[in-house]
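J.: Provided herewith is a single structure, encoded as structure tokens, for subsequent inquiry.
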Amino acid sequence: MKDIFVSIKRAPYQSLGSFLILFFTLFLSLFFFNITSFFYGILSYVETRPQVIAYFDVQTKEKDILTIKEAIGKTGKTSSIKYVSQKEALQIYRQLNKDNPLLLEMVSANILPASLEVYAKKPVYLVEIAEFLQKQEGIDEVNFQKMIVDKLVTLTTILRRISTGLFIFLIFITIIVLITTTAFKISVKRDEIEVLQLIGASKWYIRKPFIMEGLFFGFSSGTIAFALFYLVFFYFQPFLSSYLTGLPKLGFYNLTNLNIYVYPPSIEFIALSYVLIIFFGMMIAFVGNYLATSKYVK
Amino acid sequence: MIVFDKVSKKYGTGTIALDDVSFEIQNNEFLFLVGPSGAGKTTILKMILRQILPTSGTIMVNDKDISNKNFKDVEKYRQTIGIVFQDFKILMDKNVFENIAIALKITKTSQNKIKQEVDEVLSLVGLETKRNVFPLQLSAGELQRVAIARAIVGERNIILADEPTGNLDPKTTWDIMKIFKKIEDEKTIIIATHNVDIVNSFKKRVITLKDGQLTKDRRLGKYEL
């Protein structure tokens, strides 16, 4: 540690440059990581909702509805189909409006339609399933979320591509800046490196101080970027919470069994973000400094 | 033992630095390399240090062919050699102790052993009181003592010195040479020099070079060009 601080003191502006570029890259990476994870969470949530809902005329007999259910199942394009009878629809209605007795009084099972909630195996089957249902007798209305899912898929894809592009660009710039600043520090220590080489120091021994300094910058800039990001996030959380009212807990990919939730962020997700950003920061710093020393330490 | 067998070095520019040079140096031998500037003295030292490779011929050091391009363990090999430069090459941001200790640190020697060995060598070169002093506060003679201490500390059995007294006044020159004299029974010492008085008074083996060729190799030799 002493050597690292001596080196920083000896070339303060170069050190500041290394730190700032790493900080900037890590902060933006953290931002895009969170945004992309959030949209993936939304997408996953929407995909768990019934994708096609067919409402039947109130006169349609249950037997006919179950026949249609069986027919859709035979297409092989559905992952599950749920029949919601008029009685069950009434129960759901009562549950949703339990705080409003006036609304409860006005409604009986007879006026609520029975429905089929269909989950497709793939989003591309949604249109076919919807068209199939619309052709059936006794169908009043068919709702399906293709537009929402499509928009979310498009948005998430665009976001992922933008973040990946920006990510690669930032890594490239960061590595170039790190190589430049490390090269400057190496040139300051050129005589020392020459002596070390002549007395038999290994390449790793010569590289080690530069790489350790890089790892230190990766760690410290990652920590500060992380702290600042979550400080800003928690400052704006009340506003976000009111804006996103009704949104359930959004899982981080399939890691909900580990209690990793993107929104509201669980401690586990925050810890994962920290580990990833520190690992990423240290990796970039390592690669940058390794490349710089490879060029000069022969 | 160091063996040069028909060693030549020709640079891309056409300059011939060494031309078919052969000689043997026994372990713990004290040897002077003399000759005019550009005769090939430094080239020989650089070749022993494996800083440069010969164009032709073979260099064997302790039965290892270090002139082979595929020779591995260069770092470990160099850890057996101590080098003293005319311009000292002392690390200015490290104190005397640290400058010497670095030669042991790179060999992963323990801290206790480093302390013990550096203290011993400081006593040998007469710098016990300057242990924690930084190079800027030292005279040229003291700087060269630090460089010698760094070269001889630990298991370094071959000491190469390229004009070690070139930047020193006559009195300091003799003080420095006395240090080499103290260790002559324990290490192979090869000194490239232009200093006639030293060569003549030491009465050691002298290899004379001229235009890259070995012109004389005399036991108990004198400075003769």
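Numbering starts fresh at 1 for the residues of each chain in the structure tokens, the chains themselves are lettered A, B, ... in the order given, and ligands are numbered from 1 as they appear.
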Quick check: residues of chain B within 7 Å of chain A, only C-alpha atoms, returned as a list in words.

T.: Glu75, Lys76, Arg78, Gln79, Gly82, Lys89, Leu91, Ala103 and Ile106 of chain B

J.: Go ahead and save the residues from that selection, with N, CA, C and O atoms, as a short mmCIF file (atom, residue, chain, number, x, y, z; two decimals), in the first residue's frame.

T.:
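part.cif, written as the output of this step:
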```cif
data_model
loop_
_atom_site.label_atom_id
_atom_site.label_comp_id
_atom_site.auth_asym_id
_atom_site.auth_seq_id
_atom_site.Cartn_x
_atom_site.Cartn_y
_atom_site.Cartn_z
N GLU B 75 16.12 -14.99 -15.86
CA GLU B 75 16.00 -14.24 -14.60
C GLU B 75 16.77 -14.94 -13.48
O GLU B 75 17.52 -14.30 -12.74
N LYS B 76 16.60 -16.24 -13.39
CA LYS B 76 17.30 -17.00 -12.34
C LYS B 76 18.81 -16.94 -12.56
O LYS B 76 19.58 -16.84 -11.60
N ARG B 78 20.46 -14.52 -14.02
CA ARG B 78 20.95 -13.19 -13.66
C ARG B 78 21.01 -12.98 -12.15
O ARG B 78 21.74 -12.12 -11.66
N GLN B 79 20.25 -13.77 -11.45
CA GLN B 79 20.29 -13.65 -9.98
C GLN B 79 21.60 -14.19 -9.40
O GLN B 79 21.85 -14.07 -8.20
N GLY B 82 26.25 -10.21 -10.22
CA GLY B 82 26.13 -8.86 -9.69
C GLY B 82 26.75 -7.92 -10.71
O GLY B 82 27.74 -8.26 -11.35
N LYS B 89 23.76 3.62 -11.25
CA LYS B 89 22.35 3.16 -11.40
C LYS B 89 21.71 2.81 -10.05
O LYS B 89 21.19 1.72 -9.83
N LEU B 91 18.79 3.58 -7.27
CA LEU B 91 17.40 4.05 -7.30
C LEU B 91 17.26 5.20 -6.31
O LEU B 91 17.43 5.03 -5.10
N ALA B 103 18.06 -6.45 -4.34
CA ALA B 103 18.71 -7.60 -4.99
C ALA B 103 18.31 -8.92 -4.32
O ALA B 103 18.35 -9.98 -4.95
N ILE B 106 14.01 -9.67 -4.85
CA ILE B 106 13.57 -10.32 -6.10
C ILE B 106 13.79 -11.83 -6.06
O ILE B 106 13.22 -12.55 -6.86
#
```

J.: Among the residues of stretch 3-225 of chain B, find those DSSP assigns to strand (DSSP E) from the backbone and print them as a PyMOL selection string.

T.: chain B and resi 3-10+16-25+30-34+56-61+64-65+81-84+158-162+188-192+205-210+213-218

J.: Residues at most 12 Å from A:Thr156, counting only C-alpha atoms, excluding those fewer than 3 positions away in the same chain, as a ChimeraX atom specification?

T.: /A:32-33,35-44,148-153,159-164

J.: For A:Ile224, please output as a PyMOL selection string all residues within 12 Å (counting only C-alpha atoms; exclusion window: fewer than 2 positions along the same chain).

T.: chain A and resi 19-20+22-27+30+217-222+226-231+274+277-278+281

J.: Would you mind listing what lies within 10 Å of stretch 54-68 of chain B as a PyMOL selection string, with only C-alpha atoms counted and same-chain residues fewer than 2 positions away left out?

T.: chain B and resi 1-11+16-27+43-44+47-50+52+70-74+77+158

J.: Restricting it to C-alpha atoms, dump the selection as a PDB file, in the first residue's frame.

T.:
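What ended up in result.pdb:
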```
ATOM      1  CA  MET B   1      33.510 -21.305 -15.034  1.00  0.00           C
ATOM      2  CA  ILE B   2      32.889 -18.953 -17.950  1.00  0.00           C
ATOM      3  CA  VAL B   3      33.875 -20.146 -21.436  1.00  0.00           C
ATOM      4  CA  PHE B   4      33.809 -18.004 -24.565  1.00  0.00           C
ATOM      5  CA  ASP B   5      34.302 -20.208 -27.604  1.00  0.00           C
ATOM      6  CA  LYS B   6      34.866 -18.412 -30.936  1.00  0.00           C
ATOM      7  CA  VAL B   7      32.348 -15.742 -30.022  1.00  0.00           C
ATOM      8  CA  SER B   8      31.574 -13.026 -32.543  1.00  0.00           C
ATOM      9  CA  LYS B   9      29.089 -10.214 -32.469  1.00  0.00           C
ATOM     10  CA  LYS B  10      28.170  -8.315 -35.571  1.00  0.00           C
ATOM     11  CA  TYR B  11      25.499  -5.613 -35.485  1.00  0.00           C
ATOM     12  CA  ILE B  16      31.897  -5.903 -35.553  1.00  0.00           C
ATOM     13  CA  ALA B  17      31.875  -5.664 -31.761  1.00  0.00           C
ATOM     14  CA  LEU B  18      33.593  -9.013 -31.146  1.00  0.00           C
ATOM     15  CA  ASP B  19      35.478 -11.132 -33.624  1.00  0.00           C
ATOM     16  CA  ASP B  20      36.130 -14.807 -32.918  1.00  0.00           C
ATOM     17  CA  VAL B  21      36.989 -14.336 -29.252  1.00  0.00           C
ATOM     18  CA  SER B  22      37.799 -17.368 -27.074  1.00  0.00           C
ATOM     19  CA  PHE B  23      38.851 -17.518 -23.420  1.00  0.00           C
ATOM     20  CA  GLU B  24      38.052 -19.257 -20.147  1.00  0.00           C
ATOM     21  CA  ILE B  25      37.548 -17.754 -16.706  1.00  0.00           C
ATOM     22  CA  GLN B  26      37.814 -20.025 -13.676  1.00  0.00           C
ATOM     23  CA  ASN B  27      35.565 -19.700 -10.648  1.00  0.00           C
ATOM     24  CA  THR B  43      30.052  -6.300 -25.183  1.00  0.00           C
ATOM     25  CA  ILE B  44      31.697  -9.169 -23.297  1.00  0.00           C
ATOM     26  CA  MET B  47      27.062 -11.153 -23.172  1.00  0.00           C
ATOM     27  CA  ILE B  48      27.884 -12.708 -19.805  1.00  0.00           C
ATOM     28  CA  LEU B  49      24.844 -10.934 -18.401  1.00  0.00           C
ATOM     29  CA  ARG B  50      22.903 -12.228 -21.411  1.00  0.00           C
ATOM     30  CA  ILE B  52      22.959  -9.423 -25.867  1.00  0.00           C
ATOM     31  CA  ASN B  70      16.185 -21.000 -26.256  1.00  0.00           C
ATOM     32  CA  PHE B  71      17.975 -20.599 -22.928  1.00  0.00           C
ATOM     33  CA  LYS B  72      15.298 -20.274 -20.282  1.00  0.00           C
ATOM     34  CA  ASP B  73      15.548 -19.074 -16.722  1.00  0.00           C
ATOM     35  CA  VAL B  74      17.347 -15.868 -17.731  1.00  0.00           C
ATOM     36  CA  TYR B  77      20.628 -16.944 -14.149  1.00  0.00           C
ATOM     37  CA  ILE B 158      29.987 -13.492 -10.658  1.00  0.00           C
TER      38      ILE B 158
END
```

J.: With only C-alpha atoms as the basis for distance, which of A:Thr182, A:Thr223, A:Ser29, A:Gln86 is at the shortest distance from A:Leu116?

T.: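 Using only C-alpha atoms, A:Leu116 sits closest to A:Gln86.
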
J.: Which residues come within 12 Å of A:Leu178, counting only C-alpha atoms, excluding same-chain residues fewer than 3 positions away, as a ChimeraX atom specification?

T.: /A:14-22,170-175,181-186,210-211,213-215,217-218,281,284-293

J.: Please provide as a list of chain:residue names all residues within 6 Å of B:Arg205, with the sequence filter that same-chain residues fewer than 3 positions apart are discarded (counting only C-alpha atoms).

T.: B:Leu31, B:Arg218, B:Arg219, B:Leu220, B:Gly221

J.: Go through stretch 23-203 of chain B and collect every residue that DSSP, computed from the backbone, puts in helix (DSSP H, G or I); the answer should be as a PyMOL selection string.

T.: chain B and resi 41-48+74-78+96-105+111-125+128-130+135-137+140-152+170-182+196-202

J.: One decimal, Å: what's the distance from atom CA of B:Val84 over to atom CA of B:Arg150, could you say?

T.: 8.4 Å
